[in-house]
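Have a look at start-v2.cif below; it lists mmCIF, C-alpha atoms.
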```cif
data_input
#
loop_
_atom_site.group_PDB
_atom_site.id
_atom_site.type_symbol
_atom_site.label_atom_id
_atom_site.label_comp_id
_atom_site.auth_asym_id
_atom_site.auth_seq_id
_atom_site.Cartn_x
_atom_site.Cartn_y
_atom_site.Cartn_z
ATOM 1 C CA MET X 157 -11.199 9.743 22.795
ATOM 2 C CA LEU X 158 -14.940 10.168 23.021
ATOM 3 C CA GLY X 159 -15.922 7.109 20.979
ATOM 4 C CA ALA X 160 -15.440 4.235 23.396
ATOM 5 C CA PRO X 161 -17.256 5.960 26.290
ATOM 6 C CA LEU X 162 -20.035 7.041 23.921
ATOM 7 C CA ILE X 163 -20.483 3.491 22.580
ATOM 8 C CA THR X 164 -20.575 2.189 26.152
ATOM 9 C CA PHE X 165 -23.112 4.812 27.206
ATOM 10 C CA VAL X 166 -25.446 4.263 24.248
ATOM 11 C CA PHE X 167 -25.196 0.492 23.755
ATOM 12 C CA GLY X 168 -23.721 -0.856 26.991
ATOM 13 C CA GLU X 169 -20.432 -2.337 28.135
ATOM 14 C CA ALA X 170 -20.780 -5.383 25.857
ATOM 15 C CA PHE X 171 -20.231 -3.194 22.784
ATOM 16 C CA ARG X 172 -17.101 -1.403 24.050
ATOM 17 C CA SER X 173 -14.866 -3.919 22.268
ATOM 18 C CA ALA X 174 -16.516 -2.990 18.944
ATOM 19 C CA TRP X 175 -14.933 0.463 19.035
ATOM 20 C CA PRO X 176 -11.849 -0.380 16.877
ATOM 21 C CA ALA X 177 -14.019 -2.025 14.230
ATOM 22 C CA LEU X 178 -16.336 0.983 14.101
ATOM 23 C CA VAL X 179 -13.351 3.285 13.631
ATOM 24 C CA ALA X 180 -12.141 1.106 10.743
ATOM 25 C CA ILE X 181 -15.597 1.096 9.146
ATOM 26 C CA ALA X 182 -15.808 4.878 9.446
ATOM 27 C CA LEU X 183 -12.337 5.209 7.915
ATOM 28 C CA ALA X 184 -13.302 2.899 5.027
ATOM 29 C CA HIS X 185 -16.433 4.919 4.285
ATOM 30 C CA SER X 186 -14.466 8.155 4.498
ATOM 31 C CA MET X 187 -12.008 6.727 1.995
ATOM 32 C CA ASN X 188 -14.903 5.777 -0.261
ATOM 33 C CA ALA X 189 -16.171 9.351 -0.059
ATOM 34 C CA PHE X 190 -12.668 10.719 -0.744
ATOM 35 C CA PHE X 191 -12.509 8.972 -4.116
ATOM 36 C CA GLY X 192 -15.894 10.320 -5.121
ATOM 37 C CA SER X 193 -18.737 8.729 -7.031
ATOM 38 C CA SER X 194 -16.539 7.204 -9.711
ATOM 39 C CA ALA X 195 -18.627 4.042 -9.926
ATOM 40 C CA THR X 196 -21.814 5.974 -10.629
ATOM 41 C CA ILE X 197 -20.228 8.132 -13.305
ATOM 42 C CA LEU X 198 -18.538 5.169 -14.975
ATOM 43 C CA ASN X 199 -21.776 3.167 -14.925
ATOM 44 C CA MET X 200 -23.717 6.037 -16.478
ATOM 45 C CA SER X 201 -21.147 6.352 -19.257
ATOM 46 C CA GLY X 202 -21.269 2.707 -20.289
ATOM 47 C CA GLN X 203 -18.161 1.577 -18.402
ATOM 48 C CA GLU X 204 -19.894 -1.118 -16.340
ATOM 49 C CA ARG X 205 -17.151 -3.647 -17.053
ATOM 50 C CA VAL X 206 -14.525 -1.481 -15.312
ATOM 51 C CA VAL X 207 -16.794 -1.011 -12.317
ATOM 52 C CA THR X 208 -17.405 -4.750 -12.070
ATOM 53 C CA ILE X 209 -13.678 -5.488 -12.286
ATOM 54 C CA ALA X 210 -12.890 -2.880 -9.604
ATOM 55 C CA HIS X 211 -15.484 -4.351 -7.262
ATOM 56 C CA ALA X 212 -14.211 -7.882 -7.913
ATOM 57 C CA VAL X 213 -10.610 -6.869 -7.197
ATOM 58 C CA GLY X 214 -11.684 -5.011 -4.039
ATOM 59 C CA LEU X 215 -13.721 -8.006 -2.893
ATOM 60 C CA THR X 216 -10.849 -10.391 -3.556
ATOM 61 C CA ALA X 217 -8.419 -8.166 -1.658
ATOM 62 C CA GLY X 218 -10.873 -7.877 1.218
ATOM 63 C CA VAL X 219 -11.499 -11.604 1.494
ATOM 64 C CA ALA X 220 -7.800 -12.461 1.235
ATOM 65 C CA LEU X 221 -6.761 -9.864 3.807
ATOM 66 C CA THR X 222 -9.569 -10.821 6.155
ATOM 67 C CA TRP X 223 -8.476 -14.440 5.954
ATOM 68 C CA VAL X 224 -4.870 -13.461 6.733
ATOM 69 C CA LEU X 225 -5.440 -10.726 9.341
ATOM 70 C CA ILE X 226 -8.327 -11.993 11.467
ATOM 71 C CA ARG X 227 -6.265 -14.562 13.370
ATOM 72 C CA PRO X 228 -3.412 -12.304 14.468
ATOM 73 C CA LEU X 229 -5.369 -9.054 14.885
ATOM 74 C CA GLY X 230 -8.930 -10.146 15.599
ATOM 75 C CA ILE X 231 -11.670 -7.674 14.826
ATOM 76 C CA VAL X 232 -9.087 -4.974 14.065
ATOM 77 C CA GLY X 233 -7.712 -7.231 11.313
ATOM 78 C CA GLY X 234 -11.164 -7.316 9.728
ATOM 79 C CA GLY X 235 -11.300 -3.546 9.898
ATOM 80 C CA VAL X 236 -7.869 -3.193 8.311
ATOM 81 C CA ALA X 237 -8.923 -5.581 5.534
ATOM 82 C CA LEU X 238 -12.029 -3.463 4.893
ATOM 83 C CA VAL X 239 -10.009 -0.236 4.724
ATOM 84 C CA VAL X 240 -7.466 -1.724 2.314
ATOM 85 C CA SER X 241 -10.128 -3.274 0.068
ATOM 86 C CA GLU X 242 -12.026 0.036 -0.136
ATOM 87 C CA PHE X 243 -8.778 1.835 -0.927
ATOM 88 C CA VAL X 244 -7.937 -0.610 -3.725
ATOM 89 C CA LYS X 245 -11.426 -0.334 -5.207
ATOM 90 C CA GLY X 246 -11.411 3.452 -4.891
ATOM 91 C CA VAL X 247 -8.052 3.848 -6.617
ATOM 92 C CA ILE X 248 -9.094 1.598 -9.509
ATOM 93 C CA LEU X 249 -12.371 3.456 -10.034
ATOM 94 C CA TRP X 250 -10.806 6.896 -9.633
ATOM 95 C CA ARG X 251 -8.038 6.146 -12.136
ATOM 96 C CA ALA X 252 -10.534 4.652 -14.578
ATOM 97 C CA ALA X 253 -12.672 7.785 -14.419
ATOM 98 C CA ALA X 254 -9.609 9.981 -14.838
ATOM 99 C CA ARG X 255 -8.268 8.052 -17.819
ATOM 100 C CA ARG X 256 -11.455 7.147 -19.652
ATOM 101 C CA MET X 257 -13.474 10.296 -19.031
ATOM 102 C CA ASP X 258 -10.720 12.794 -18.263
ATOM 103 C CA ILE X 259 -12.265 13.958 -15.007
ATOM 104 C CA ASP X 260 -11.030 13.986 -11.430
ATOM 105 C CA ILE X 261 -13.846 13.488 -8.976
ATOM 106 C CA SER X 262 -11.769 12.810 -5.881
ATOM 107 C CA ALA X 263 -11.660 15.172 -2.940
ATOM 108 C CA THR X 264 -8.350 16.542 -4.222
ATOM 109 C CA SER X 265 -10.119 18.117 -7.195
ATOM 110 C CA VAL X 266 -11.430 20.786 -4.819
ATOM 111 C CA PHE X 267 -7.880 22.106 -4.455
ATOM 112 C CA GLN X 268 -7.437 22.553 -8.198
ATOM 113 C CA PHE X 269 -9.076 25.936 -7.759
ATOM 114 C CA TRP X 270 -5.867 27.223 -6.180
ATOM 115 C CA ALA X 271 -3.604 25.549 -8.749
ATOM 116 C CA GLY X 272 -3.977 28.351 -11.254
ATOM 117 C CA PRO X 273 -5.429 28.365 -14.752
ATOM 118 C CA ARG X 274 -6.703 25.051 -15.988
ATOM 119 C CA ARG X 275 -4.932 23.398 -18.887
ATOM 120 C CA ALA X 276 -6.930 22.059 -21.790
ATOM 121 C CA THR X 277 -7.733 18.379 -21.495
ATOM 122 C CA PRO X 278 -6.748 15.945 -24.253
ATOM 123 C CA LEU X 279 -10.387 15.787 -25.318
ATOM 124 C CA GLU X 280 -10.565 19.577 -25.561
ATOM 125 C CA ARG X 281 -7.313 19.728 -27.530
ATOM 126 C CA ARG X 282 -8.783 17.300 -30.050
ATOM 127 C CA GLY X 283 -11.793 19.610 -30.412
ATOM 128 C CA GLY X 284 -14.297 17.420 -28.497
ATOM 129 C CA ILE X 285 -15.600 19.579 -25.664
ATOM 130 C CA GLY X 286 -15.169 23.313 -25.781
#
```

Turn this file's structure into structure tokens for me.
Amino acid sequence: MLGAPLITFVFGEAFRSAWPALVAIALAHSMNAFFGSSATILNMSGQERVVTIAHAVGLTAGVALTWVLIRPLGIVGGGVALVVSEFVKGVILWRAAARRMDIDISATSVFQFWAGPRRATPLERRGGIG
């Protein structure tokens, strides 16, 4: 509602058409924040290979979708491709962190506070972390 007039006011009428792309970029970065800093945690724990694979899959998805969606949708197609590629990368990294390190660093982990008592993790049941 406020975005297009604000873009026009700050940058001029020539940038008004960039509004849908900026919304898509903001959505992609919000999605990246939703999944947390999985890449950093995986890199620090020696899981660089998983991080590289996730980025490669996300890049491939982004390039393929951009190639397919730019013609019919224009700049919005590029934005959609960015959102989907960030989602794919985020899911891969989030699942890898959950499976390999037994932690949930997504935004949903905040709500675990209300879920009741925490169950022991597989690592804790094996006597690893107490």

Within 8 Å of region 242-266 of chain X: each region 203-230 of chain X residue with its shortest pair, all atoms listed in the file, as a Markdown table:
```
| residue | atom | partner | partner_atom | distance |
| --- | --- | --- | --- | --- |
| X:Val206 | CA | X:Ala252 | CA | 7.4 |
| X:Val207 | CA | X:Leu249 | CA | 6.7 |
| X:Ala210 | CA | X:Lys245 | CA | 5.3 |
| X:His211 | CA | X:Lys245 | CA | 6.1 |
| X:Val213 | CA | X:Lys245 | CA | 6.9 |
| X:Gly214 | CA | X:Lys245 | CA | 4.8 |
| X:Ala217 | CA | X:Val244 | CA | 7.8 |
```

Could you write out that same residue set with C-alpha atoms as an mmCIF file, in the coordinates of the input?
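Contents of the output file part-v8.cif:
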```
data_model
loop_
_atom_site.group_PDB
_atom_site.id
_atom_site.type_symbol
_atom_site.label_atom_id
_atom_site.label_comp_id
_atom_site.auth_asym_id
_atom_site.auth_seq_id
_atom_site.Cartn_x
_atom_site.Cartn_y
_atom_site.Cartn_z
ATOM 1 C CA VAL X 206 -14.525 -1.481 -15.312
ATOM 2 C CA VAL X 207 -16.794 -1.011 -12.317
ATOM 3 C CA ALA X 210 -12.890 -2.880 -9.604
ATOM 4 C CA HIS X 211 -15.484 -4.351 -7.262
ATOM 5 C CA VAL X 213 -10.610 -6.869 -7.197
ATOM 6 C CA GLY X 214 -11.684 -5.011 -4.039
ATOM 7 C CA ALA X 217 -8.419 -8.166 -1.658
#
```

Tell me which residues the PyMOL selection byres ((chain X and resi 187) around 8) grabs here, as an MDAnalysis selection string. chainID X and resid 183:186 188:191 239 242:243 246

From CA of Ala177 (chain X) to CA of Leu221 (chain X) the spacing works out at 14.9 Å

Report as a list in words the full result of the PyMOL selection byres ((chain X and resi 169-176) around 12) when it is applied to this structure.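 Applied to this file, the PyMOL selection byres ((chain X and resi 169-176) around 12) returns Met157, Leu158, Gly159, Ala160, Pro161, Leu162, Ile163, Thr164, Phe165, Val166, Phe167, Gly168, Ala177, Leu178, Val179, Ala180, Ile181, Ala182, Leu183, Leu229, Gly230, Ile231, Val232, Gly233, Gly234, Gly235 and Val236 of chain X.
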
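Taking CA of Thr196 (chain X) as the reference point, CA of Leu215 (chain X) is found at 17.9 Å.
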
Hey, can you check how far CA of Ala212 (chain X) sits from CA of Ser241 (chain X)? 10.1 Å

Using all atoms of region 165-182 of chain X that appear in the file, construct an axis-aligned enclosing box with 6 Å of padding on every side and provide its centre coordinates and edge lengths in Å, rounded to one decimal, as lines of an AutoDock Vina configuration file.
```
center_x = -18.6
center_y = -0.3
center_z = 18.6
size_x = 25.6
size_y = 22.3
size_z = 31.0
```
